[in-house]
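*Asks:* The file below is entry_12.pdb, PDB, C-alpha atoms, pLDDT in the B column:
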```
ATOM      1  CA  GLY Y 214     -49.004  18.610  21.783  1.00 72.00           C
ATOM      2  CA  ARG Y 215     -50.110  20.627  24.826  1.00 85.00           C
ATOM      3  CA  LEU Y 216     -49.194  23.886  23.080  1.00 85.00           C
ATOM      4  CA  TRP Y 217     -51.310  22.935  20.057  1.00 89.00           C
ATOM      5  CA  GLU Y 218     -54.275  22.045  22.254  1.00 90.00           C
ATOM      6  CA  ALA Y 219     -53.958  25.252  24.272  1.00 91.00           C
ATOM      7  CA  SER Y 220     -54.036  27.280  21.047  1.00 90.00           C
ATOM      8  CA  GLN Y 221     -57.204  25.458  19.937  1.00 91.00           C
ATOM      9  CA  GLY Y 222     -55.478  24.620  16.692  1.00 91.00           C
ATOM     10  CA  GLN Y 223     -54.621  28.240  15.844  1.00 90.00           C
ATOM     11  CA  ILE Y 224     -50.809  28.053  15.742  1.00 93.00           C
ATOM     12  CA  ARG Y 225     -49.508  28.943  12.276  1.00 92.00           C
ATOM     13  CA  ILE Y 226     -45.834  29.705  12.931  1.00 94.00           C
ATOM     14  CA  LEU Y 227     -43.560  28.062  15.506  1.00 95.00           C
ATOM     15  CA  THR Y 228     -40.077  29.421  16.213  1.00 96.00           C
ATOM     16  CA  ILE Y 229     -37.447  26.822  17.015  1.00 96.00           C
ATOM     17  CA  ALA Y 230     -33.770  26.845  17.975  1.00 96.00           C
ATOM     18  CA  PRO Y 231     -31.837  24.054  16.178  1.00 94.00           C
ATOM     19  CA  GLU Y 232     -29.512  23.470  19.124  1.00 92.00           C
ATOM     20  CA  ALA Y 233     -32.538  22.884  21.383  1.00 93.00           C
ATOM     21  CA  VAL Y 234     -34.428  20.607  18.974  1.00 92.00           C
ATOM     22  CA  GLY Y 235     -31.465  18.372  18.201  1.00 86.00           C
ATOM     23  CA  THR Y 236     -32.329  14.859  17.035  1.00 88.00           C
ATOM     24  CA  GLN Y 237     -36.072  15.456  17.405  1.00 92.00           C
ATOM     25  CA  PHE Y 238     -36.229  17.576  14.248  1.00 93.00           C
ATOM     26  CA  ASN Y 239     -37.703  14.925  11.941  1.00 93.00           C
ATOM     27  CA  GLU Y 240     -40.460  14.166  14.420  1.00 94.00           C
ATOM     28  CA  LEU Y 241     -41.187  17.871  14.902  1.00 94.00           C
ATOM     29  CA  PHE Y 242     -41.166  18.540  11.154  1.00 95.00           C
ATOM     30  CA  ILE Y 243     -43.722  15.782  10.489  1.00 94.00           C
ATOM     31  CA  TRP Y 244     -45.882  16.977  13.411  1.00 94.00           C
ATOM     32  CA  ALA Y 245     -45.840  20.559  12.122  1.00 95.00           C
ATOM     33  CA  LYS Y 246     -46.491  19.611   8.503  1.00 94.00           C
ATOM     34  CA  LYS Y 247     -49.603  17.629   9.444  1.00 94.00           C
ATOM     35  CA  ARG Y 248     -50.982  20.712  11.197  1.00 94.00           C
ATOM     36  CA  LYS Y 249     -49.852  23.164   8.483  1.00 92.00           C
ATOM     37  CA  ILE Y 250     -47.567  24.920  10.958  1.00 95.00           C
ATOM     38  CA  ILE Y 251     -44.650  26.881   9.500  1.00 96.00           C
ATOM     39  CA  LEU Y 252     -41.380  26.284  11.337  1.00 97.00           C
ATOM     40  CA  SER Y 253     -39.109  29.283  11.781  1.00 98.00           C
ATOM     41  CA  LEU Y 254     -35.540  29.614  13.068  1.00 98.00           C
ATOM     42  CA  GLY Y 255     -34.943  32.155  15.810  1.00 97.00           C
ATOM     43  CA  HIS Y 256     -33.890  33.038  19.358  1.00 94.00           C
ATOM     44  CA  SER Y 257     -30.948  30.760  18.789  1.00 96.00           C
ATOM     45  CA  HIS Y 258     -27.181  30.481  18.961  1.00 95.00           C
ATOM     46  CA  ALA Y 259     -27.158  27.964  16.109  1.00 96.00           C
ATOM     47  CA  SER Y 260     -24.129  27.904  13.851  1.00 96.00           C
ATOM     48  CA  GLN Y 261     -24.349  28.686  10.159  1.00 97.00           C
ATOM     49  CA  THR Y 262     -23.976  24.966   9.421  1.00 96.00           C
ATOM     50  CA  GLN Y 263     -26.812  24.001  11.768  1.00 95.00           C
ATOM     51  CA  ALA Y 264     -29.105  26.705  10.423  1.00 96.00           C
ATOM     52  CA  ARG Y 265     -28.396  25.897   6.771  1.00 96.00           C
ATOM     53  CA  GLU Y 266     -29.105  22.226   7.427  1.00 95.00           C
ATOM     54  CA  TYR Y 267     -32.552  23.139   8.768  1.00 96.00           C
ATOM     55  CA  LEU Y 268     -33.262  25.518   5.877  1.00 96.00           C
ATOM     56  CA  ASP Y 269     -32.240  22.841   3.397  1.00 95.00           C
ATOM     57  CA  LYS Y 270     -34.568  20.360   5.127  1.00 93.00           C
ATOM     58  CA  GLY Y 271     -37.607  22.566   4.647  1.00 93.00           C
ATOM     59  CA  VAL Y 272     -37.679  25.171   7.412  1.00 96.00           C
ATOM     60  CA  GLN Y 273     -38.520  28.269   5.388  1.00 93.00           C
ATOM     61  CA  ASN Y 274     -38.690  31.154   7.879  1.00 97.00           C
ATOM     62  CA  VAL Y 275     -36.374  33.097  10.155  1.00 98.00           C
ATOM     63  CA  THR Y 276     -37.865  34.949  13.120  1.00 98.00           C
ATOM     64  CA  HIS Y 277     -36.494  38.443  13.840  1.00 97.00           C
ATOM     65  CA  LEU Y 278     -33.381  38.268  11.682  1.00 98.00           C
ATOM     66  CA  TRP Y 279     -30.276  39.572  13.536  1.00 97.00           C
ATOM     67  CA  ASN Y 280     -32.063  39.740  16.914  1.00 96.00           C
ATOM     68  CA  ALA Y 281     -31.279  37.084  19.536  1.00 93.00           C
ATOM     69  CA  GLN Y 282     -29.051  35.283  17.019  1.00 95.00           C
ATOM     70  CA  ALA Y 283     -25.345  34.624  17.282  1.00 91.00           C
ATOM     71  CA  PHE Y 284     -23.392  36.517  14.624  1.00 94.00           C
ATOM     72  CA  HIS Y 285     -19.664  37.024  14.153  1.00 95.00           C
ATOM     73  CA  HIS Y 286     -17.736  37.765  10.990  1.00 95.00           C
ATOM     74  CA  ARG Y 287     -16.093  34.326  11.257  1.00 96.00           C
ATOM     75  CA  LYS Y 288     -19.187  32.563  12.661  1.00 96.00           C
ATOM     76  CA  PRO Y 289     -22.212  34.128  10.946  1.00 97.00           C
ATOM     77  CA  GLY Y 290     -24.837  31.863  12.490  1.00 97.00           C
ATOM     78  CA  ILE Y 291     -28.472  32.023  11.314  1.00 98.00           C
ATOM     79  CA  PRO Y 292     -28.029  35.305   9.376  1.00 98.00           C
ATOM     80  CA  GLY Y 293     -25.136  33.793   7.453  1.00 97.00           C
ATOM     81  CA  ALA Y 294     -27.232  30.780   6.499  1.00 97.00           C
ATOM     82  CA  ALA Y 295     -30.458  32.630   5.706  1.00 98.00           C
ATOM     83  CA  ILE Y 296     -29.350  35.685   3.731  1.00 98.00           C
ATOM     84  CA  GLY Y 297     -29.259  34.711   0.091  1.00 96.00           C
ATOM     85  CA  HIS Y 298     -30.775  31.272   0.722  1.00 97.00           C
ATOM     86  CA  PRO Y 299     -33.256  30.744  -2.146  1.00 94.00           C
ATOM     87  CA  SER Y 300     -36.129  29.446  -0.001  1.00 94.00           C
ATOM     88  CA  ALA Y 301     -35.726  31.542   3.156  1.00 97.00           C
ATOM     89  CA  PHE Y 302     -38.238  34.171   4.242  1.00 98.00           C
ATOM     90  CA  VAL Y 303     -36.696  36.443   6.859  1.00 98.00           C
ATOM     91  CA  GLU Y 304     -38.589  38.614   9.321  1.00 98.00           C
ATOM     92  CA  LEU Y 305     -36.945  41.979   9.888  1.00 98.00           C
ATOM     93  CA  ILE Y 306     -37.905  44.468  12.598  1.00 97.00           C
ATOM     94  CA  THR Y 307     -37.607  47.765  10.748  1.00 96.00           C
ATOM     95  CA  ASP Y 308     -38.077  50.297  13.541  1.00 92.00           C
ATOM     96  CA  GLY Y 309     -34.408  51.339  13.454  1.00 93.00           C
ATOM     97  CA  HIS Y 310     -33.908  50.342  17.087  1.00 91.00           C
ATOM     98  CA  HIS Y 311     -33.938  46.538  17.101  1.00 94.00           C
ATOM     99  CA  VAL Y 312     -31.669  46.495  14.046  1.00 96.00           C
ATOM    100  CA  ALA Y 313     -29.398  49.363  12.971  1.00 96.00           C
ATOM    101  CA  PRO Y 314     -30.597  51.228   9.853  1.00 97.00           C
ATOM    102  CA  GLU Y 315     -27.377  50.330   8.032  1.00 97.00           C
ATOM    103  CA  VAL Y 316     -27.929  46.616   8.685  1.00 98.00           C
ATOM    104  CA  ILE Y 317     -31.530  46.888   7.519  1.00 98.00           C
ATOM    105  CA  GLU Y 318     -30.307  48.437   4.262  1.00 98.00           C
ATOM    106  CA  TRP Y 319     -27.608  45.757   3.885  1.00 97.00           C
ATOM    107  CA  THR Y 320     -30.261  43.069   4.302  1.00 98.00           C
ATOM    108  CA  PHE Y 321     -32.380  44.520   1.505  1.00 98.00           C
ATOM    109  CA  LYS Y 322     -29.336  44.584  -0.761  1.00 98.00           C
ATOM    110  CA  ALA Y 323     -28.306  41.013   0.051  1.00 97.00           C
ATOM    111  CA  HIS Y 324     -31.718  39.279   0.145  1.00 98.00           C
ATOM    112  CA  PRO Y 325     -34.725  39.565  -2.229  1.00 97.00           C
ATOM    113  CA  ALA Y 326     -37.344  42.020  -0.936  1.00 97.00           C
ATOM    114  CA  SER Y 327     -39.980  39.469  -1.942  1.00 96.00           C
ATOM    115  CA  ARG Y 328     -38.598  37.260   0.836  1.00 97.00           C
ATOM    116  CA  ILE Y 329     -38.109  39.931   3.501  1.00 98.00           C
ATOM    117  CA  ILE Y 330     -41.039  40.294   5.887  1.00 98.00           C
ATOM    118  CA  ARG Y 331     -41.105  43.693   7.547  1.00 98.00           C
ATOM    119  CA  ILE Y 332     -42.577  43.525  11.039  1.00 96.00           C
ATOM    120  CA  SER Y 333     -43.144  45.966  13.867  1.00 93.00           C
ATOM    121  CA  ASP Y 334     -42.748  43.522  16.781  1.00 93.00           C
ATOM    122  CA  CYS Y 335     -45.173  45.843  18.572  1.00 89.00           C
ATOM    123  CA  ALA Y 336     -45.849  45.132  22.214  1.00 82.00           C
ATOM    124  CA  PRO Y 337     -48.938  46.118  24.238  1.00 83.00           C
ATOM    125  CA  ALA Y 338     -47.231  49.306  25.403  1.00 83.00           C
ATOM    126  CA  ALA Y 339     -46.955  50.546  21.803  1.00 83.00           C
ATOM    127  CA  ALA Y 340     -50.496  51.938  21.994  1.00 78.00           C
ATOM    128  CA  LEU Y 341     -49.715  53.980  25.101  1.00 83.00           C
ATOM    129  CA  ALA Y 342     -48.351  57.482  25.501  1.00 85.00           C
ATOM    130  CA  ALA Y 343     -44.624  57.890  26.101  1.00 85.00           C
ATOM    131  CA  GLY Y 344     -43.700  56.893  29.631  1.00 87.00           C
ATOM    132  CA  GLU Y 345     -46.837  54.851  30.325  1.00 90.00           C
ATOM    133  CA  GLN Y 346     -46.514  51.234  31.422  1.00 91.00           C
ATOM    134  CA  ALA Y 347     -48.220  47.975  30.468  1.00 90.00           C
ATOM    135  CA  THR Y 348     -47.999  44.306  31.388  1.00 89.00           C
ATOM    136  CA  PHE Y 349     -46.351  42.110  28.778  1.00 85.00           C
ATOM    137  CA  GLY Y 350     -46.655  38.521  29.973  1.00 85.00           C
ATOM    138  CA  PRO Y 351     -44.825  38.330  33.305  1.00 90.00           C
ATOM    139  CA  ILE Y 352     -42.969  41.653  32.922  1.00 90.00           C
ATOM    140  CA  GLN Y 353     -43.742  45.352  33.097  1.00 92.00           C
ATOM    141  CA  VAL Y 354     -42.803  47.367  30.039  1.00 92.00           C
ATOM    142  CA  ILE Y 355     -42.715  51.090  29.385  1.00 92.00           C
ATOM    143  CA  ARG Y 356     -43.403  53.014  26.185  1.00 87.00           C
ATOM    144  CA  ALA Y 357     -40.336  54.943  25.109  1.00 81.00           C
ATOM    145  CA  PRO Y 358     -40.652  58.477  23.661  1.00 75.00           C
ATOM    146  CA  LEU Y 359     -40.313  59.622  20.045  1.00 65.00           C
ATOM    147  CA  GLU Y 360     -41.525  56.412  18.398  1.00 67.00           C
ATOM    148  CA  GLY Y 361     -38.852  54.492  20.278  1.00 82.00           C
ATOM    149  CA  PRO Y 362     -39.155  50.830  21.284  1.00 89.00           C
ATOM    150  CA  CYS Y 363     -40.873  49.427  24.342  1.00 90.00           C
ATOM    151  CA  GLN Y 364     -38.495  48.637  27.174  1.00 90.00           C
ATOM    152  CA  THR Y 365     -38.402  46.821  30.459  1.00 91.00           C
ATOM    153  CA  LEU Y 366     -38.090  48.950  33.580  1.00 90.00           C
ATOM    154  CA  THR Y 367     -34.344  48.172  33.513  1.00 91.00           C
ATOM    155  CA  GLY Y 368     -33.950  49.508  29.957  1.00 87.00           C
ATOM    156  CA  HIS Y 369     -33.868  46.296  27.919  1.00 89.00           C
ATOM    157  CA  LEU Y 370     -35.773  45.999  24.620  1.00 89.00           C
ATOM    158  CA  ALA Y 371     -39.255  44.564  25.084  1.00 90.00           C
ATOM    159  CA  GLY Y 372     -40.948  44.906  21.701  1.00 91.00           C
ATOM    160  CA  GLY Y 373     -41.499  47.540  19.059  1.00 90.00           C
ATOM    161  CA  GLY Y 374     -43.065  50.909  19.684  1.00 87.00           C
ATOM    162  CA  SER Y 375     -44.292  51.896  16.220  1.00 84.00           C
ATOM    163  CA  LEU Y 376     -46.760  50.316  13.798  1.00 86.00           C
ATOM    164  CA  LEU Y 377     -45.559  49.466  10.291  1.00 89.00           C
ATOM    165  CA  SER Y 378     -47.666  52.283   8.902  1.00 88.00           C
ATOM    166  CA  ARG Y 379     -45.723  54.781  11.016  1.00 86.00           C
ATOM    167  CA  GLN Y 380     -42.250  53.515  10.183  1.00 90.00           C
ATOM    168  CA  THR Y 381     -40.125  55.672   7.917  1.00 91.00           C
ATOM    169  CA  ARG Y 382     -38.457  54.107   4.891  1.00 96.00           C
ATOM    170  CA  PHE Y 383     -34.658  54.145   4.995  1.00 97.00           C
ATOM    171  CA  PRO Y 384     -32.897  55.992   2.127  1.00 95.00           C
ATOM    172  CA  GLY Y 385     -31.104  52.903   0.794  1.00 96.00           C
ATOM    173  CA  ILE Y 386     -34.350  50.990   0.217  1.00 98.00           C
ATOM    174  CA  SER Y 387     -36.608  51.668  -2.756  1.00 98.00           C
ATOM    175  CA  PRO Y 388     -40.299  52.488  -2.175  1.00 97.00           C
ATOM    176  CA  LYS Y 389     -41.226  49.385  -4.187  1.00 97.00           C
ATOM    177  CA  ASP Y 390     -39.140  47.044  -2.003  1.00 98.00           C
ATOM    178  CA  TRP Y 391     -40.340  48.778   1.179  1.00 97.00           C
ATOM    179  CA  GLU Y 392     -43.975  48.103   0.242  1.00 96.00           C
ATOM    180  CA  LEU Y 393     -43.290  44.628  -1.149  1.00 95.00           C
ATOM    181  CA  SER Y 394     -41.768  43.520   2.130  1.00 97.00           C
ATOM    182  CA  ALA Y 395     -44.802  44.679   4.103  1.00 95.00           C
ATOM    183  CA  ARG Y 396     -47.605  43.545   1.780  1.00 91.00           C
ATOM    184  CA  THR Y 397     -46.627  40.711  -0.546  1.00 92.00           C
ATOM    185  CA  ALA Y 398     -43.846  38.873   1.287  1.00 95.00           C
ATOM    186  CA  PRO Y 399     -45.872  38.067   4.450  1.00 94.00           C
ATOM    187  CA  LEU Y 400     -48.684  36.567   2.346  1.00 92.00           C
ATOM    188  CA  SER Y 401     -46.209  34.553   0.276  1.00 93.00           C
ATOM    189  CA  ALA Y 402     -44.581  33.163   3.402  1.00 94.00           C
ATOM    190  CA  LEU Y 403     -47.985  31.957   4.614  1.00 90.00           C
ATOM    191  CA  GLY Y 404     -48.875  30.551   1.220  1.00 88.00           C
ATOM    192  CA  LEU Y 405     -51.709  33.046   0.788  1.00 83.00           C
ATOM    193  CA  SER Y 406     -52.812  35.193  -2.113  1.00 76.00           C
ATOM    194  CA  GLY Y 407     -54.737  38.415  -1.695  1.00 71.00           C
ATOM    195  CA  ALA Y 408     -57.932  36.575  -2.664  1.00 75.00           C
ATOM    196  CA  LYS Y 409     -57.323  33.810  -0.120  1.00 71.00           C
ATOM    197  CA  LEU Y 410     -56.691  36.379   2.602  1.00 69.00           C
ATOM    198  CA  LYS Y 411     -59.962  38.175   1.855  1.00 73.00           C
ATOM    199  CA  ALA Y 412     -61.835  34.852   1.936  1.00 74.00           C
ATOM    200  CA  PHE Y 413     -60.200  33.973   5.250  1.00 65.00           C
ATOM    201  CA  LEU Y 414     -61.033  37.338   6.825  1.00 66.00           C
ATOM    202  CA  LYS Y 415     -64.683  36.916   5.884  1.00 71.00           C
ATOM    203  CA  LYS Y 416     -64.804  33.745   7.974  1.00 69.00           C
ATOM    204  CA  ILE Y 417     -63.631  35.368  11.194  1.00 60.00           C
TER     205      ILE Y 417
END
```
Would you mind writing the structure in this file as structure tokens?
*Replies:*
Amino acid sequence: GRLWEASQGQIRILTIAPEAVGTQFNELFIWAKKRKIILSLGHSHASQTQAREYLDKGVQNVTHLWNAQAFHHRKPGIPGAAIGHPSAFVELITDGHHVAPEVIEWTFKAHPASRIIRISDCAPAAALAAGEQATFGPIQVIRAPLEGPCQTLTGHLAGGGSLLSRQTRFPGISPKDWELSARTAPLSALGLSGAKLKAFLKKI
């Protein structure tokens, strides 16, 4: 409730970890639905079974597929539940640093491009020159060179470093799917058409 009030009613997507929500899911789902908030799975060590249960109950999004999610060939976690699930939209950071190019290509082969949402995960430092620093919440981040990601001063990933428009398509992905995942899929996930988006933008 406090988070909703602090946002002045502007929250549209809320990332949750099934193992943290536990038995409060039904209450959270009803709360989110009343406010037209999309629930998304992410930053979680949930098992495949836990994640699939949430997807089957109506959670339609996955935040940053592959990143900060437990995955093992015998325990595939959220990726194992989401890839191929008929109602799942999956966000995918396609800078080639957060997720290996090969895994990005695998994802496009295993999941419909119309349900893959390409994102940059750009941080404030992305607009800076290589080597310059910026504050990102409570931490200092640095802009890496050569379109690389933003990093903490200790070398950990701290957001993307390149806008979607500057990302290069990977050879195993068709131009049509590459564009579809950046233009159409995000609108579909939000329940918006191009016309609705234009109408919304005129209001702000």
*Asks:* Produce a table with one row for each residue of range 239-297 of chain Y that has an atom at most 12 Å from any atom of range 334-356 of chain Y, each row naming the nearest atom pair and its distance in Å at one decimal; use all atoms listed in the file; arrange rows by chain and rising residue number; format as a Markdown table.
*Replies:*
```
| residue | atom | partner | partner_atom | distance |
| --- | --- | --- | --- | --- |
| Y:Thr276 | CA | Y:Asp334 | CA | 10.5 |
| Y:His277 | CA | Y:Asp334 | CA | 8.6 |
| Y:Leu278 | CA | Y:Asp334 | CA | 11.9 |
| Y:Asn280 | CA | Y:Asp334 | CA | 11.3 |
```
*Asks:* Find the spatial neighbours of Pro299 in chain Y, counting only C-alpha atoms, within a cut-off of 10 Å - ignore same-chain residues fewer than 2 positions away - and output them as a VMD selection string.
*Replies:* chain Y and resid 268 to 269 273 295 to 297 301 to 302 324 to 325 328
*Asks:* Select, from Y:Pro358, Y:Gly293, Y:Gly222, Y:Pro231, the residue with the minimum atom-to-atom distance to His256 in chain Y, counting all atoms listed in the file.
*Replies:*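 Distance minimum relative to His256 in chain Y lands on Y:Pro231.
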*Asks:* From the list Y:Gly214, Y:Val234, Y:Ser333, Y:Lys246, which residue is nearest Thr381 in chain Y when using all atoms listed in the file?
*Replies:*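 Checking each candidate against Thr381 in chain Y, we get Y:Ser333 as the closest.
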*Asks:* Contacts of Val312 in chain Y at 12 Å or less, counting all atoms listed in the file, minus same-chain residues fewer than 6 places along, as a PDB file with C-alpha atoms, in the coordinates of the input?
*Replies:*
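What ended up in out-v3.pdb:
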```pdb
ATOM      1  CA  HIS Y 277     -36.494  38.443  13.840  1.00 97.00           C
ATOM      2  CA  LEU Y 278     -33.381  38.268  11.682  1.00 98.00           C
ATOM      3  CA  TRP Y 279     -30.276  39.572  13.536  1.00 97.00           C
ATOM      4  CA  ASN Y 280     -32.063  39.740  16.914  1.00 96.00           C
ATOM      5  CA  ALA Y 281     -31.279  37.084  19.536  1.00 93.00           C
ATOM      6  CA  GLN Y 282     -29.051  35.283  17.019  1.00 95.00           C
ATOM      7  CA  GLU Y 304     -38.589  38.614   9.321  1.00 98.00           C
ATOM      8  CA  LEU Y 305     -36.945  41.979   9.888  1.00 98.00           C
ATOM      9  CA  ILE Y 306     -37.905  44.468  12.598  1.00 97.00           C
ATOM     10  CA  GLU Y 318     -30.307  48.437   4.262  1.00 98.00           C
ATOM     11  CA  TRP Y 319     -27.608  45.757   3.885  1.00 97.00           C
ATOM     12  CA  THR Y 320     -30.261  43.069   4.302  1.00 98.00           C
ATOM     13  CA  ARG Y 331     -41.105  43.693   7.547  1.00 98.00           C
ATOM     14  CA  ILE Y 332     -42.577  43.525  11.039  1.00 96.00           C
ATOM     15  CA  SER Y 333     -43.144  45.966  13.867  1.00 93.00           C
ATOM     16  CA  ASP Y 334     -42.748  43.522  16.781  1.00 93.00           C
ATOM     17  CA  PRO Y 362     -39.155  50.830  21.284  1.00 89.00           C
ATOM     18  CA  LEU Y 370     -35.773  45.999  24.620  1.00 89.00           C
ATOM     19  CA  GLY Y 373     -41.499  47.540  19.059  1.00 90.00           C
TER      20      GLY Y 373
END
```
*Asks:* Show me, as a list in words, the residues that have an atom within 10 Å of Ala264 in chain Y when counting only C-alpha atoms, minus same-chain residues fewer than 4 positions from it.
*Replies:* Ala230, Pro231, Glu232, Leu254, Gly255, Ser257, His258, Ala259, Ser260, Leu268, Asp269, Lys270, Val272, Val275, Gly290, Ile291, Pro292, Gly293, Ala294 and Ala295 of chain Y
*Asks:* Please determine, counting all atoms listed in the file, which residue among Y:Gln380, Y:Ser220, Y:Ser406, Y:Ser394 has the shortest atom-to-atom distance to Phe321 in chain Y.
*Replies:*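 Of Y:Gln380, Y:Ser220, Y:Ser406, Y:Ser394, the one nearest Phe321 in chain Y is Y:Ser394, counting all atoms listed in the file.
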*Asks:* Could you name the residues that touch Leu227 in chain Y at 9 Å or less, counting all atoms listed in the file, but leaving out those on the same chain fewer than 6 positions away, as an MDAnalysis selection string?
*Replies:* chainID Y and resid 245 250:254
*Asks:* Dump N, CA, C and O atoms of range 284-299 of chain Y from the given block, as a PDB file, in the first residue's frame.
*Replies:*
```pdb
ATOM      1  N   PHE Y 284      18.957 -21.282 -12.387  1.00  0.00           N
ATOM      2  CA  PHE Y 284      18.800 -22.163 -13.539  1.00  0.00           C
ATOM      3  C   PHE Y 284      19.854 -23.257 -13.486  1.00  0.00           C
ATOM      4  O   PHE Y 284      21.036 -22.992 -13.298  1.00  0.00           O
ATOM      5  N   HIS Y 285      19.406 -24.477 -13.674  1.00  0.00           N
ATOM      6  CA  HIS Y 285      20.293 -25.642 -13.743  1.00  0.00           C
ATOM      7  C   HIS Y 285      19.626 -26.615 -14.697  1.00  0.00           C
ATOM      8  O   HIS Y 285      18.390 -26.628 -14.808  1.00  0.00           O
ATOM      9  N   HIS Y 286      20.402 -27.415 -15.397  1.00  0.00           N
ATOM     10  CA  HIS Y 286      19.794 -28.303 -16.377  1.00  0.00           C
ATOM     11  C   HIS Y 286      18.843 -29.321 -15.763  1.00  0.00           C
ATOM     12  O   HIS Y 286      18.000 -29.901 -16.460  1.00  0.00           O
ATOM     13  N   ARG Y 287      18.955 -29.570 -14.450  1.00  0.00           N
ATOM     14  CA  ARG Y 287      17.994 -30.451 -13.781  1.00  0.00           C
ATOM     15  C   ARG Y 287      16.973 -29.660 -12.966  1.00  0.00           C
ATOM     16  O   ARG Y 287      15.969 -30.211 -12.537  1.00  0.00           O
ATOM     17  N   LYS Y 288      17.245 -28.376 -12.730  1.00  0.00           N
ATOM     18  CA  LYS Y 288      16.321 -27.512 -11.989  1.00  0.00           C
ATOM     19  C   LYS Y 288      16.227 -26.178 -12.738  1.00  0.00           C
ATOM     20  O   LYS Y 288      16.910 -25.218 -12.384  1.00  0.00           O
ATOM     21  N   PRO Y 289      15.402 -26.125 -13.779  1.00  0.00           N
ATOM     22  CA  PRO Y 289      15.411 -24.964 -14.676  1.00  0.00           C
ATOM     23  C   PRO Y 289      14.737 -23.691 -14.175  1.00  0.00           C
ATOM     24  O   PRO Y 289      14.783 -22.678 -14.856  1.00  0.00           O
ATOM     25  N   GLY Y 290      14.126 -23.739 -13.005  1.00  0.00           N
ATOM     26  CA  GLY Y 290      13.616 -22.517 -12.398  1.00  0.00           C
ATOM     27  C   GLY Y 290      12.630 -21.732 -13.256  1.00  0.00           C
ATOM     28  O   GLY Y 290      11.875 -22.296 -14.051  1.00  0.00           O
ATOM     29  N   ILE Y 291      12.658 -20.391 -13.120  1.00  0.00           N
ATOM     30  CA  ILE Y 291      11.736 -19.525 -13.861  1.00  0.00           C
ATOM     31  C   ILE Y 291      11.904 -19.681 -15.372  1.00  0.00           C
ATOM     32  O   ILE Y 291      10.905 -19.798 -16.095  1.00  0.00           O
ATOM     33  N   PRO Y 292      13.144 -19.704 -15.918  1.00  0.00           N
ATOM     34  CA  PRO Y 292      13.261 -19.882 -17.364  1.00  0.00           C
ATOM     35  C   PRO Y 292      12.597 -21.159 -17.863  1.00  0.00           C
ATOM     36  O   PRO Y 292      11.937 -21.162 -18.913  1.00  0.00           O
ATOM     37  N   GLY Y 293      12.737 -22.227 -17.097  1.00  0.00           N
ATOM     38  CA  GLY Y 293      12.135 -23.496 -17.500  1.00  0.00           C
ATOM     39  C   GLY Y 293      10.624 -23.443 -17.526  1.00  0.00           C
ATOM     40  O   GLY Y 293       9.979 -24.101 -18.343  1.00  0.00           O
ATOM     41  N   ALA Y 294      10.044 -22.640 -16.632  1.00  0.00           N
ATOM     42  CA  ALA Y 294       8.588 -22.516 -16.584  1.00  0.00           C
ATOM     43  C   ALA Y 294       8.065 -21.553 -17.628  1.00  0.00           C
ATOM     44  O   ALA Y 294       6.982 -21.739 -18.189  1.00  0.00           O
ATOM     45  N   ALA Y 295       8.827 -20.501 -17.911  1.00  0.00           N
ATOM     46  CA  ALA Y 295       8.329 -19.419 -18.775  1.00  0.00           C
ATOM     47  C   ALA Y 295       8.502 -19.699 -20.259  1.00  0.00           C
ATOM     48  O   ALA Y 295       7.617 -19.390 -21.065  1.00  0.00           O
ATOM     49  N   ILE Y 296       9.645 -20.247 -20.646  1.00  0.00           N
ATOM     50  CA  ILE Y 296       9.911 -20.448 -22.077  1.00  0.00           C
ATOM     51  C   ILE Y 296       8.946 -21.485 -22.639  1.00  0.00           C
ATOM     52  O   ILE Y 296       8.873 -22.607 -22.167  1.00  0.00           O
ATOM     53  N   GLY Y 297       8.193 -21.067 -23.620  1.00  0.00           N
ATOM     54  CA  GLY Y 297       7.192 -21.938 -24.223  1.00  0.00           C
ATOM     55  C   GLY Y 297       5.832 -21.866 -23.564  1.00  0.00           C
ATOM     56  O   GLY Y 297       4.857 -22.397 -24.098  1.00  0.00           O
ATOM     57  N   HIS Y 298       5.729 -21.189 -22.406  1.00  0.00           N
ATOM     58  CA  HIS Y 298       4.425 -21.058 -21.753  1.00  0.00           C
ATOM     59  C   HIS Y 298       3.553 -20.153 -22.620  1.00  0.00           C
ATOM     60  O   HIS Y 298       3.960 -19.051 -22.992  1.00  0.00           O
ATOM     61  N   PRO Y 299       2.336 -20.565 -22.943  1.00  0.00           N
ATOM     62  CA  PRO Y 299       1.518 -19.832 -23.922  1.00  0.00           C
ATOM     63  C   PRO Y 299       1.127 -18.413 -23.521  1.00  0.00           C
ATOM     64  O   PRO Y 299       0.841 -17.589 -24.400  1.00  0.00           O
TER      65      PRO Y 299
END
```
